[in-house]
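The file model-v1.cif comes next; it holds mmCIF, C-alpha atoms.
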```cif
data_protein
loop_
_atom_site.group_PDB
_atom_site.id
_atom_site.type_symbol
_atom_site.label_atom_id
_atom_site.label_comp_id
_atom_site.auth_asym_id
_atom_site.auth_seq_id
_atom_site.Cartn_x
_atom_site.Cartn_y
_atom_site.Cartn_z
ATOM 1 C CA MET A 21 -53.395 13.098 -5.589
ATOM 2 C CA THR A 22 -50.565 15.136 -7.079
ATOM 3 C CA ALA A 23 -47.080 13.857 -7.788
ATOM 4 C CA ASP A 24 -45.700 16.088 -5.013
ATOM 5 C CA GLU A 25 -48.139 14.572 -2.515
ATOM 6 C CA ALA A 26 -47.062 11.084 -3.606
ATOM 7 C CA LEU A 27 -43.445 12.122 -3.067
ATOM 8 C CA ALA A 28 -44.247 13.349 0.439
ATOM 9 C CA GLN A 29 -45.888 9.990 1.247
ATOM 10 C CA TRP A 30 -42.828 8.119 -0.026
ATOM 11 C CA LEU A 31 -40.416 10.159 2.073
ATOM 12 C CA ALA A 32 -42.631 9.642 5.135
ATOM 13 C CA HIS A 33 -42.603 5.905 4.415
ATOM 14 C CA LEU A 34 -38.809 5.914 4.232
ATOM 15 C CA ALA A 35 -38.493 7.906 7.450
ATOM 16 C CA HIS A 36 -41.041 6.134 9.646
ATOM 17 C CA GLU A 37 -41.355 2.609 8.249
ATOM 18 C CA ARG A 38 -37.973 1.964 6.656
ATOM 19 C CA ARG A 39 -36.065 3.990 9.291
ATOM 20 C CA ALA A 40 -33.864 5.525 6.595
ATOM 21 C CA SER A 41 -31.024 7.743 7.768
ATOM 22 C CA PRO A 42 -31.315 11.544 7.418
ATOM 23 C CA ARG A 43 -28.632 11.494 4.723
ATOM 24 C CA THR A 44 -30.550 8.874 2.720
ATOM 25 C CA LEU A 45 -33.760 10.880 3.030
ATOM 26 C CA GLU A 46 -31.980 14.021 1.879
ATOM 27 C CA ALA A 47 -30.362 12.308 -1.111
ATOM 28 C CA TYR A 48 -33.521 10.479 -2.207
ATOM 29 C CA GLY A 49 -35.701 13.544 -1.725
ATOM 30 C CA PHE A 50 -33.312 15.743 -3.698
ATOM 31 C CA ALA A 51 -33.166 13.272 -6.616
ATOM 32 C CA ALA A 52 -36.950 12.797 -6.704
ATOM 33 C CA ARG A 53 -37.680 16.527 -6.582
ATOM 34 C CA ARG A 54 -35.306 17.136 -9.501
ATOM 35 C CA TYR A 55 -36.998 14.293 -11.357
ATOM 36 C CA LEU A 56 -40.496 15.732 -10.852
ATOM 37 C CA ALA A 57 -39.321 19.244 -11.724
ATOM 38 C CA PHE A 58 -37.822 17.956 -14.980
ATOM 39 C CA LEU A 59 -41.007 16.073 -15.913
ATOM 40 C CA THR A 60 -43.141 19.135 -15.131
ATOM 41 C CA GLY A 61 -40.985 21.325 -17.368
ATOM 42 C CA HIS A 62 -40.753 18.656 -20.054
ATOM 43 C CA ARG A 63 -44.515 18.214 -20.253
ATOM 44 C CA GLY A 64 -45.418 21.816 -19.584
ATOM 45 C CA GLU A 65 -48.005 20.999 -16.925
ATOM 46 C CA SER A 66 -48.264 20.003 -13.289
ATOM 47 C CA LEU A 67 -48.179 16.272 -12.635
ATOM 48 C CA ALA A 68 -50.925 14.161 -11.142
ATOM 49 C CA LEU A 69 -50.265 10.769 -9.607
ATOM 50 C CA GLY A 70 -51.556 8.980 -12.713
ATOM 51 C CA ALA A 71 -49.019 10.771 -14.892
ATOM 52 C CA LEU A 72 -46.191 9.044 -13.038
ATOM 53 C CA GLY A 73 -47.515 5.717 -14.279
ATOM 54 C CA GLU A 74 -47.256 7.008 -17.838
ATOM 55 C CA VAL A 75 -43.657 8.227 -17.746
ATOM 56 C CA THR A 76 -41.810 6.699 -20.692
ATOM 57 C CA ALA A 77 -38.338 5.209 -20.802
ATOM 58 C CA GLY A 78 -37.382 8.022 -23.193
ATOM 59 C CA GLU A 79 -38.373 10.644 -20.612
ATOM 60 C CA VAL A 80 -36.274 8.955 -17.932
ATOM 61 C CA ARG A 81 -33.295 8.820 -20.311
ATOM 62 C CA ALA A 82 -33.857 12.507 -21.140
ATOM 63 C CA TRP A 83 -33.792 13.289 -17.410
ATOM 64 C CA LEU A 84 -30.502 11.421 -17.011
ATOM 65 C CA ALA A 85 -29.078 13.285 -20.016
ATOM 66 C CA HIS A 86 -30.219 16.550 -18.425
ATOM 67 C CA LEU A 87 -28.345 15.662 -15.216
ATOM 68 C CA ARG A 88 -25.273 14.653 -17.197
ATOM 69 C CA GLY A 89 -25.152 17.840 -19.257
ATOM 70 C CA GLY A 90 -26.354 20.585 -16.919
ATOM 71 C CA GLU A 91 -24.411 23.441 -15.380
ATOM 72 C CA ARG A 92 -23.171 21.068 -12.692
ATOM 73 C CA PRO A 93 -23.012 17.709 -14.527
ATOM 74 C CA LEU A 94 -23.190 14.582 -12.414
ATOM 75 C CA ALA A 95 -20.558 11.871 -12.565
ATOM 76 C CA PRO A 96 -21.626 8.339 -13.571
ATOM 77 C CA ARG A 97 -21.707 7.169 -9.947
ATOM 78 C CA SER A 98 -23.977 10.058 -8.931
ATOM 79 C CA LEU A 99 -26.218 9.413 -11.946
ATOM 80 C CA SER A 100 -26.492 5.771 -10.935
ATOM 81 C CA GLN A 101 -27.464 6.766 -7.395
ATOM 82 C CA ALA A 102 -30.093 9.204 -8.701
ATOM 83 C CA LEU A 103 -31.604 6.532 -10.932
ATOM 84 C CA SER A 104 -31.635 4.092 -8.017
ATOM 85 C CA ALA A 105 -33.626 6.621 -5.976
ATOM 86 C CA ILE A 106 -36.168 7.031 -8.770
ATOM 87 C CA ARG A 107 -36.549 3.276 -9.133
ATOM 88 C CA ALA A 108 -37.272 3.055 -5.401
ATOM 89 C CA PHE A 109 -39.832 5.869 -5.734
ATOM 90 C CA HIS A 110 -41.639 4.060 -8.547
ATOM 91 C CA ARG A 111 -41.631 0.785 -6.590
ATOM 92 C CA PHE A 112 -43.439 2.638 -3.802
ATOM 93 C CA LEU A 113 -45.929 4.080 -6.309
ATOM 94 C CA ASP A 114 -46.604 0.579 -7.597
ATOM 95 C CA ARG A 115 -46.960 -1.190 -4.242
ATOM 96 C CA ARG A 116 -48.621 1.478 -2.123
ATOM 97 C CA LEU A 117 -50.413 3.833 -4.530
ATOM 98 C CA ASP A 118 -51.410 1.371 -7.266
ATOM 99 C CA THR A 119 -49.498 3.266 -9.953
ATOM 100 C CA PRO A 120 -47.173 0.819 -11.714
ATOM 101 C CA ASN A 121 -44.727 1.812 -14.443
ATOM 102 C CA ALA A 122 -42.918 -0.867 -16.429
ATOM 103 C CA ALA A 123 -40.869 1.661 -18.393
ATOM 104 C CA LEU A 124 -38.244 1.961 -15.642
ATOM 105 C CA ALA A 125 -37.119 -1.612 -16.338
ATOM 106 C CA LEU A 126 -36.101 -0.524 -19.852
ATOM 107 C CA VAL A 127 -33.678 2.132 -18.621
ATOM 108 C CA ARG A 128 -30.081 1.112 -18.033
ATOM 109 C CA GLY A 129 -27.984 3.201 -15.714
ATOM 110 C CA PRO A 130 -24.523 4.503 -16.591
ATOM 111 C CA ARG A 131 -21.654 2.084 -16.356
ATOM 112 C CA VAL A 132 -19.757 2.746 -13.146
ATOM 113 C CA ARG A 133 -16.219 1.492 -12.879
ATOM 114 C CA PRO A 134 -15.391 0.659 -9.273
ATOM 115 C CA GLY A 135 -12.380 2.560 -8.071
ATOM 116 C CA ALA A 136 -9.458 0.878 -6.386
ATOM 117 C CA PRO A 137 -9.548 0.981 -2.573
ATOM 118 C CA ARG A 138 -7.427 3.705 -0.993
ATOM 119 C CA PRO A 139 -5.770 2.196 2.072
ATOM 120 C CA VAL A 140 -3.292 3.844 4.399
ATOM 121 C CA SER A 141 0.178 2.459 5.019
ATOM 122 C CA GLU A 142 0.990 0.308 8.042
ATOM 123 C CA ASP A 143 2.722 3.231 9.757
ATOM 124 C CA GLN A 144 -0.211 5.533 9.060
ATOM 125 C CA ALA A 145 -2.700 2.985 10.405
ATOM 126 C CA LEU A 146 -0.709 2.540 13.599
ATOM 127 C CA GLY A 147 -0.364 6.311 13.883
ATOM 128 C CA LEU A 148 -4.134 6.793 13.666
ATOM 129 C CA ILE A 149 -4.650 4.205 16.403
ATOM 130 C CA ALA A 150 -2.005 5.679 18.713
ATOM 131 C CA GLU A 151 -2.855 9.355 18.238
ATOM 132 C CA PRO A 152 -6.006 9.602 20.460
ATOM 133 C CA ALA A 153 -3.922 8.882 23.574
ATOM 134 C CA LEU A 154 -1.657 11.832 22.741
ATOM 135 C CA ASP A 155 -4.465 14.410 22.769
ATOM 136 C CA PRO A 156 -4.326 16.310 26.101
ATOM 137 C CA ASP A 157 -7.872 17.637 25.602
ATOM 138 C CA ARG A 158 -9.442 14.171 25.551
ATOM 139 C CA GLU A 159 -10.656 12.262 28.569
ATOM 140 C CA PRO A 160 -8.514 9.118 28.983
ATOM 141 C CA TRP A 161 -11.530 6.848 28.665
ATOM 142 C CA GLU A 162 -12.627 8.538 25.419
ATOM 143 C CA ALA A 163 -9.138 8.128 23.984
ATOM 144 C CA ALA A 164 -9.179 4.448 25.004
ATOM 145 C CA ARG A 165 -12.599 4.031 23.374
ATOM 146 C CA ASP A 166 -11.492 5.596 20.089
ATOM 147 C CA GLN A 167 -8.353 3.465 20.090
ATOM 148 C CA ALA A 168 -10.449 0.340 20.671
ATOM 149 C CA VAL A 169 -12.811 1.157 17.783
ATOM 150 C CA LEU A 170 -9.973 1.916 15.358
ATOM 151 C CA THR A 171 -8.104 -1.217 16.444
ATOM 152 C CA LEU A 172 -11.225 -3.254 15.627
ATOM 153 C CA LEU A 173 -11.495 -1.687 12.169
ATOM 154 C CA TYR A 174 -7.853 -2.336 11.332
ATOM 155 C CA GLY A 175 -7.249 -5.529 13.297
ATOM 156 C CA CYS A 176 -10.443 -7.334 12.265
ATOM 157 C CA GLY A 177 -11.387 -5.559 9.024
ATOM 158 C CA LEU A 178 -14.782 -4.508 10.362
ATOM 159 C CA ARG A 179 -17.088 -1.864 8.968
ATOM 160 C CA ILE A 180 -17.985 0.965 11.382
ATOM 161 C CA SER A 181 -21.537 -0.350 11.750
ATOM 162 C CA GLU A 182 -20.225 -3.830 12.570
ATOM 163 C CA ALA A 183 -17.835 -2.546 15.236
ATOM 164 C CA LEU A 184 -20.543 -0.394 16.841
ATOM 165 C CA SER A 185 -23.016 -3.281 16.845
ATOM 166 C CA LEU A 186 -20.996 -5.150 19.489
ATOM 167 C CA LYS A 187 -22.688 -5.545 22.886
ATOM 168 C CA ARG A 188 -21.209 -5.494 26.369
ATOM 169 C CA ALA A 189 -21.787 -9.255 26.564
ATOM 170 C CA ASP A 190 -19.372 -9.711 23.625
ATOM 171 C CA ALA A 191 -16.435 -8.626 25.832
ATOM 172 C CA PRO A 192 -13.971 -9.934 26.745
ATOM 173 C CA LEU A 193 -13.653 -10.855 23.098
ATOM 174 C CA PRO A 194 -13.181 -14.551 22.273
ATOM 175 C CA ASP A 195 -10.573 -15.875 19.860
ATOM 176 C CA SER A 196 -13.011 -15.292 17.003
ATOM 177 C CA LEU A 197 -16.079 -13.129 16.477
ATOM 178 C CA ARG A 198 -19.233 -13.994 14.579
ATOM 179 C CA ILE A 199 -20.094 -10.843 12.631
ATOM 180 C CA THR A 200 -23.289 -10.217 10.683
ATOM 181 C CA GLY A 201 -22.603 -7.764 7.869
ATOM 182 C CA LYS A 202 -24.293 -6.533 4.707
ATOM 183 C CA GLY A 203 -27.127 -8.654 3.405
ATOM 184 C CA ALA A 204 -27.306 -10.480 6.753
ATOM 185 C CA LYS A 205 -24.189 -12.380 5.681
ATOM 186 C CA THR A 206 -22.430 -13.942 8.682
ATOM 187 C CA ARG A 207 -18.686 -14.468 8.864
ATOM 188 C CA ILE A 208 -16.105 -15.555 11.433
ATOM 189 C CA VAL A 209 -13.303 -13.062 12.145
ATOM 190 C CA PRO A 210 -10.204 -13.977 14.204
ATOM 191 C CA VAL A 211 -9.446 -11.616 17.095
ATOM 192 C CA LEU A 212 -5.837 -10.576 17.611
ATOM 193 C CA PRO A 213 -4.521 -10.132 21.177
ATOM 194 C CA ALA A 214 -3.967 -6.416 20.465
ATOM 195 C CA VAL A 215 -7.673 -6.017 19.648
ATOM 196 C CA ARG A 216 -8.738 -7.833 22.803
ATOM 197 C CA GLU A 217 -6.368 -5.738 24.921
ATOM 198 C CA ALA A 218 -7.651 -2.474 23.429
ATOM 199 C CA ILE A 219 -11.246 -3.417 24.304
ATOM 200 C CA GLU A 220 -10.259 -4.378 27.861
ATOM 201 C CA THR A 221 -8.373 -1.102 28.346
ATOM 202 C CA TYR A 222 -11.446 0.834 27.232
ATOM 203 C CA LEU A 223 -13.786 -1.089 29.538
ATOM 204 C CA LYS A 224 -11.543 -0.541 32.555
ATOM 205 C CA ALA A 225 -11.468 3.204 31.881
ATOM 206 C CA ALA A 226 -15.141 3.666 30.911
ATOM 207 C CA PRO A 227 -17.216 5.517 33.555
ATOM 208 C CA PHE A 228 -20.426 3.631 32.732
ATOM 209 C CA VAL A 229 -21.926 0.409 34.072
ATOM 210 C CA LEU A 230 -23.197 -1.398 30.989
ATOM 211 C CA ALA A 231 -25.955 -3.998 30.873
ATOM 212 C CA PRO A 232 -25.044 -7.184 28.955
ATOM 213 C CA ASP A 233 -27.308 -6.290 26.025
ATOM 214 C CA ALA A 234 -26.215 -2.619 25.929
ATOM 215 C CA PRO A 235 -23.973 -1.288 23.124
ATOM 216 C CA LEU A 236 -20.320 -1.780 23.991
ATOM 217 C CA PHE A 237 -19.147 1.643 22.801
ATOM 218 C CA ARG A 238 -20.638 4.712 24.472
ATOM 219 C CA ALA A 239 -20.629 8.428 23.678
ATOM 220 C CA LYS A 240 -19.568 11.096 26.134
ATOM 221 C CA ARG A 241 -23.046 11.409 27.665
ATOM 222 C CA GLY A 242 -23.625 7.685 27.856
ATOM 223 C CA GLY A 243 -25.635 7.060 24.691
ATOM 224 C CA PRO A 244 -24.552 4.656 21.961
ATOM 225 C CA LEU A 245 -21.546 5.816 19.968
ATOM 226 C CA SER A 246 -22.568 6.874 16.444
ATOM 227 C CA PRO A 247 -20.753 6.272 13.143
ATOM 228 C CA ARG A 248 -20.640 10.039 12.693
ATOM 229 C CA HIS A 249 -18.564 10.362 15.864
ATOM 230 C CA VAL A 250 -16.009 7.857 14.587
ATOM 231 C CA GLN A 251 -15.805 9.650 11.242
ATOM 232 C CA ALA A 252 -15.351 13.039 12.936
ATOM 233 C CA ALA A 253 -12.710 11.639 15.282
ATOM 234 C CA VAL A 254 -10.679 10.220 12.389
ATOM 235 C CA GLN A 255 -11.054 13.493 10.507
ATOM 236 C CA GLY A 256 -9.418 15.295 13.426
ATOM 237 C CA LEU A 257 -6.713 12.648 13.767
ATOM 238 C CA ARG A 258 -5.711 12.721 10.108
ATOM 239 C CA SER A 259 -5.537 16.518 10.257
ATOM 240 C CA ARG A 260 -3.107 16.343 13.172
ATOM 241 C CA LEU A 261 -1.047 13.649 11.461
ATOM 242 C CA GLY A 262 -1.022 15.365 8.068
ATOM 243 C CA LEU A 263 -2.747 12.458 6.315
ATOM 244 C CA PRO A 264 -4.855 12.821 3.132
ATOM 245 C CA ALA A 265 -8.652 13.007 3.105
ATOM 246 C CA SER A 266 -8.716 9.372 1.959
ATOM 247 C CA ALA A 267 -7.610 8.333 5.475
ATOM 248 C CA THR A 268 -11.111 7.490 6.695
ATOM 249 C CA PRO A 269 -12.379 4.828 9.123
ATOM 250 C CA HIS A 270 -13.273 2.643 6.151
ATOM 251 C CA ALA A 271 -9.721 3.031 4.840
ATOM 252 C CA LEU A 272 -8.603 1.003 7.868
ATOM 253 C CA ARG A 273 -10.746 -1.884 6.607
ATOM 254 C CA HIS A 274 -9.147 -1.478 3.169
ATOM 255 C CA SER A 275 -5.735 -1.456 4.837
ATOM 256 C CA PHE A 276 -6.559 -4.664 6.728
ATOM 257 C CA ALA A 277 -7.163 -6.429 3.414
ATOM 258 C CA THR A 278 -4.304 -4.821 1.491
ATOM 259 C CA HIS A 279 -1.711 -5.501 4.160
ATOM 260 C CA LEU A 280 -2.848 -9.124 4.464
ATOM 261 C CA LEU A 281 -2.568 -9.522 0.701
ATOM 262 C CA GLY A 282 0.896 -7.979 0.738
ATOM 263 C CA ALA A 283 1.945 -10.429 3.447
ATOM 264 C CA GLY A 284 0.935 -13.394 1.312
ATOM 265 C CA ALA A 285 -2.705 -14.118 2.258
ATOM 266 C CA ASP A 286 -4.800 -15.562 -0.560
ATOM 267 C CA LEU A 287 -7.801 -13.767 -2.032
ATOM 268 C CA ARG A 288 -10.335 -16.403 -0.959
ATOM 269 C CA SER A 289 -9.328 -16.059 2.687
ATOM 270 C CA ILE A 290 -9.506 -12.277 2.501
ATOM 271 C CA GLN A 291 -12.928 -12.557 0.844
ATOM 272 C CA GLU A 292 -14.186 -14.610 3.790
ATOM 273 C CA LEU A 293 -12.673 -12.256 6.364
ATOM 274 C CA LEU A 294 -14.255 -9.200 4.741
ATOM 275 C CA GLY A 295 -17.609 -10.866 4.108
ATOM 276 C CA HIS A 296 -17.667 -10.090 0.385
ATOM 277 C CA ALA A 297 -20.343 -11.975 -1.521
ATOM 278 C CA SER A 298 -18.294 -11.878 -4.735
ATOM 279 C CA LEU A 299 -14.606 -12.570 -5.252
ATOM 280 C CA SER A 300 -14.519 -9.800 -7.867
ATOM 281 C CA THR A 301 -15.068 -7.271 -5.070
ATOM 282 C CA THR A 302 -12.060 -8.605 -3.198
ATOM 283 C CA GLN A 303 -9.943 -8.657 -6.362
ATOM 284 C CA ARG A 304 -9.869 -4.851 -6.322
ATOM 285 C CA TYR A 305 -7.218 -5.137 -3.618
ATOM 286 C CA THR A 306 -4.829 -6.735 -6.072
ATOM 287 C CA GLN A 307 -4.811 -3.407 -7.960
ATOM 288 C CA VAL A 308 -3.552 -1.696 -4.811
ATOM 289 C CA ASP A 309 -0.907 -4.313 -4.153
ATOM 290 C CA ALA A 310 0.268 -4.244 -7.771
ATOM 291 C CA ALA A 311 0.492 -0.450 -7.612
ATOM 292 C CA ALA A 312 2.679 -0.673 -4.501
ATOM 293 C CA LEU A 313 4.888 -3.257 -6.194
ATOM 294 C CA LEU A 314 5.357 -1.083 -9.284
ATOM 295 C CA SER A 315 6.084 1.942 -7.100
ATOM 296 C CA ALA A 316 8.782 0.041 -5.202
ATOM 297 C CA TYR A 317 10.223 -1.202 -8.510
ATOM 298 C CA ALA A 318 10.323 2.330 -9.931
ATOM 299 C CA LYS A 319 12.153 3.641 -6.851
ATOM 300 C CA ALA A 320 14.672 0.795 -6.514
ATOM 301 C CA HIS A 321 15.473 -0.601 -9.947
ATOM 302 C CA PRO A 322 18.548 0.971 -11.602
ATOM 303 C CA HIS A 323 16.871 1.007 -15.029
ATOM 304 C CA ALA A 324 13.445 2.174 -13.861
#
```

Whole structure given in structure tokens:
Amino acid sequence: MTADEALAQWLAHLAHERRASPRTLEAYGFAARRYLAFLTGHRGESLALGALGEVTAGEVRAWLAHLRGGERPLAPRSLSQALSAIRAFHRFLDRRLDTPNAALALVRGPRVRPGAPRPVSEDQALGLIAEPALDPDREPWEAARDQAVLTLLYGCGLRISEALSLKRADAPLPDSLRITGKGAKTRIVPVLPAVREAIETYLKAAPFVLAPDAPLFRAKRGGPLSPRHVQAAVQGLRSRLGLPASATPHALRHSFATHLLGAGADLRSIQELLGHASLSTTQRYTQVDAAALLSAYAKAHPHA
């Protein structure tokens, strides 16, 4: 078996057994093909499957250096993602094709500094939620649906996938929701009256009869609403409102946390509401709040 044939088997495994998204398949396939092309050029010969078990840590580091210093150099975060893809590829070679390689464990990825979240202001968040109803080209029920989804993201701090995982049986929403997020971590999220009302308005306007176990949010033709639709809808809304590209659906989740922190909520409570496994992840929001405080100081203080 050649290295390219092993790569094809891995991508098929990701697509059919792991149910990876098209974007994941594209990113992993692109990284692995660049990796194999580099090794082929580095060694001056085509690669067999066995050669992948003999790749040294130095060769992997040379590949990372090649990505870092090429015509289009990759940033540390992109390098880290590329290395993660190659580690996954070698795990598949070990488990499925009996070609282990211990050298990958000796390679450390680039240090990636997590950036501060980029929330929107309270007015901008409310504007995003209100704007769908002002679009004359939208069906009223679609506008109500988009408003309900965005209200969930901002009012409960949900991820898109968490909001779209709700079933018809979950509505009318109770006083608190049990949400299962990343890593199968379960958390309890309080439901504000405004969130409950937005869901009820959508259900009254929706033209579909939904079974209890059916997805709560539906697309125009009746299928489940996709994350891509929500992202595209917000892209159109921010364009109409003149908001920056950072005003994404996930920014509403960031805004949920930042605005709570600014109102006096403690970090531990926000950590529980967001479902973060580590408090250090939640502490990034203090950078945002401190930046807002310094900005207000600079604008208002006579000696600033």

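If you measure from each of A:Thr44, A:Thr278, A:Ser100, A:Gln144 to A:Val127 using only C-alpha atoms, the closest one turns out to be A:Ser100.
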
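The gap separating atom CA of A:Ala164 from atom CA of A:Asp195 is 21.0 Å, in Å to one decimal.
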
Pairwise distance, atom CA of A:Leu280 with atom CA of A:Leu257, equals 24.0 Å

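Ranking A:Leu245, A:Leu272, A:Val250, A:Ala168 by their shortest atom-to-atom distance to A:Ala225, with only C-alpha atoms included, puts A:Ala168 first.
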
Applying the PyMOL selection byres ((chain A and resi 170) around 8) to the file I just gave you, which residues come out? Please list them as JSON, numbers by chain. {"A": [148, 149, 166, 167, 168, 169, 171, 172, 173, 174, 269, 272]}

For A:Pro210, list every protein, DNA or RNA residue within 7 Å, evaluated using only C-alpha atoms, and leave out those in the same chain fewer than 4 positions away; present the list as a PyMOL selection string. chain A and resi 176+195-197

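Nearest residue to A:Ala102 among A:Ala153, A:Glu79, A:Phe50, A:Arg115 is A:Phe50, counting all atoms listed in the file.
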
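Separating atom CA of A:Pro42 from atom CA of A:Ala105 is a distance of 14.5 Å.
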
Enclosing box along x, y and z for every listed atom of stretch 149-152 of chain A, padded 8 Å each side, centre and size in Å, one decimal, as JSON:
```
{"center_x": -4.0, "center_y": 6.9, "center_z": 18.4, "size_x": 20.0, "size_y": 21.4, "size_z": 20.1}
```

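Put simply, the PyMOL selection byres ((chain A and resi 228) around 12) in this file takes in Trp161, Glu162, Arg188, Tyr222, Leu223, Lys224, Ala225, Ala226, Pro227, Val229, Leu230, Ala231, Ala234, Pro235, Leu236, Phe237, Arg238, Ala239, Lys240, Arg241, Gly242, Gly243 and Pro244 of chain A.
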
Do a neighbour search on A:Thr268 at 9 Å with all atoms listed in the file, toss out local chain neighbours closer than 6 positions, and write the hits as a PDB file with C-alpha atoms, in the coordinates of the input.
```
ATOM      1  CA  PRO A 139      -5.770   2.196   2.072  1.00  0.00           C
ATOM      2  CA  VAL A 140      -3.292   3.844   4.399  1.00  0.00           C
ATOM      3  CA  GLN A 251     -15.805   9.650  11.242  1.00  0.00           C
ATOM      4  CA  VAL A 254     -10.679  10.220  12.389  1.00  0.00           C
ATOM      5  CA  GLN A 255     -11.054  13.493  10.507  1.00  0.00           C
ATOM      6  CA  ARG A 258      -5.711  12.721  10.108  1.00  0.00           C
TER       7      ARG A 258
END
```

Give me the residues near A:Glu25 as a PDB file with C-alpha atoms, keeping the file's coordinate frame, where near means some atom within 12 Å (using only C-alpha atoms) and where sequence neighbours in that chain fewer than 3 positions away do not count.
```pdb
ATOM      1  CA  MET A  21     -53.395  13.098  -5.589  1.00  0.00           C
ATOM      2  CA  THR A  22     -50.565  15.136  -7.079  1.00  0.00           C
ATOM      3  CA  ALA A  28     -44.247  13.349   0.439  1.00  0.00           C
ATOM      4  CA  GLN A  29     -45.888   9.990   1.247  1.00  0.00           C
ATOM      5  CA  TRP A  30     -42.828   8.119  -0.026  1.00  0.00           C
ATOM      6  CA  LEU A  31     -40.416  10.159   2.073  1.00  0.00           C
ATOM      7  CA  ALA A  32     -42.631   9.642   5.135  1.00  0.00           C
ATOM      8  CA  ARG A  53     -37.680  16.527  -6.582  1.00  0.00           C
ATOM      9  CA  LEU A  56     -40.496  15.732 -10.852  1.00  0.00           C
ATOM     10  CA  LEU A  67     -48.179  16.272 -12.635  1.00  0.00           C
ATOM     11  CA  ALA A  68     -50.925  14.161 -11.142  1.00  0.00           C
ATOM     12  CA  LEU A  69     -50.265  10.769  -9.607  1.00  0.00           C
ATOM     13  CA  LEU A 113     -45.929   4.080  -6.309  1.00  0.00           C
ATOM     14  CA  LEU A 117     -50.413   3.833  -4.530  1.00  0.00           C
TER      15      LEU A 117
END
```

Where does the PyMOL selection byres ((chain A and resi 86) around 12) land in this file, that is, which residues does it pick, as a short mmCIF file (atom, residue, chain, number, x, y, z; two decimals) with C-alpha atoms, in the frame of the given file?
```
data_model
loop_
_atom_site.label_atom_id
_atom_site.label_comp_id
_atom_site.auth_asym_id
_atom_site.auth_seq_id
_atom_site.Cartn_x
_atom_site.Cartn_y
_atom_site.Cartn_z
CA ARG A 54 -35.31 17.14 -9.50
CA TYR A 55 -37.00 14.29 -11.36
CA ALA A 57 -39.32 19.24 -11.72
CA PHE A 58 -37.82 17.96 -14.98
CA LEU A 59 -41.01 16.07 -15.91
CA GLY A 61 -40.98 21.32 -17.37
CA HIS A 62 -40.75 18.66 -20.05
CA GLU A 79 -38.37 10.64 -20.61
CA VAL A 80 -36.27 8.96 -17.93
CA ARG A 81 -33.30 8.82 -20.31
CA ALA A 82 -33.86 12.51 -21.14
CA TRP A 83 -33.79 13.29 -17.41
CA LEU A 84 -30.50 11.42 -17.01
CA ALA A 85 -29.08 13.28 -20.02
CA LEU A 87 -28.34 15.66 -15.22
CA ARG A 88 -25.27 14.65 -17.20
CA GLY A 89 -25.15 17.84 -19.26
CA GLY A 90 -26.35 20.58 -16.92
CA GLU A 91 -24.41 23.44 -15.38
CA ARG A 92 -23.17 21.07 -12.69
CA PRO A 93 -23.01 17.71 -14.53
CA LEU A 94 -23.19 14.58 -12.41
CA LEU A 99 -26.22 9.41 -11.95
#
```

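With distances taken over all atoms listed in the file, A:Asn121 is the one residue among A:Gln101, A:Asn121, A:Ser266, A:Ser275 lying closest to A:Ala77.
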
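Nearest to A:Arg158 of all the residues A:Ala253, A:Arg43, A:Lys187, A:Ala204 is A:Ala253, based on all atoms listed in the file.
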
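Residue nearest A:Leu34, chosen from A:Gly49, A:Gly256, A:Pro120, A:Gly147 and counting all atoms listed in the file: A:Gly49.
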
Please provide as a ChimeraX atom specification all residues within 9 Å of A:Ser141, with the sequence filter that same-chain residues fewer than 4 positions apart are discarded (counting all atoms listed in the file). /A:145-146,275,279

Applying 12 Å and all atoms listed in the file, which residues near A:Gly295 remain after dropping the ones on its own chain fewer than 2 positions away? List them as JSON, numbers by chain. {"A": [176, 177, 178, 179, 182, 198, 199, 200, 201, 202, 203, 204, 205, 206, 207, 208, 209, 273, 277, 287, 288, 289, 290, 291, 292, 293, 297, 298, 299, 301, 302]}
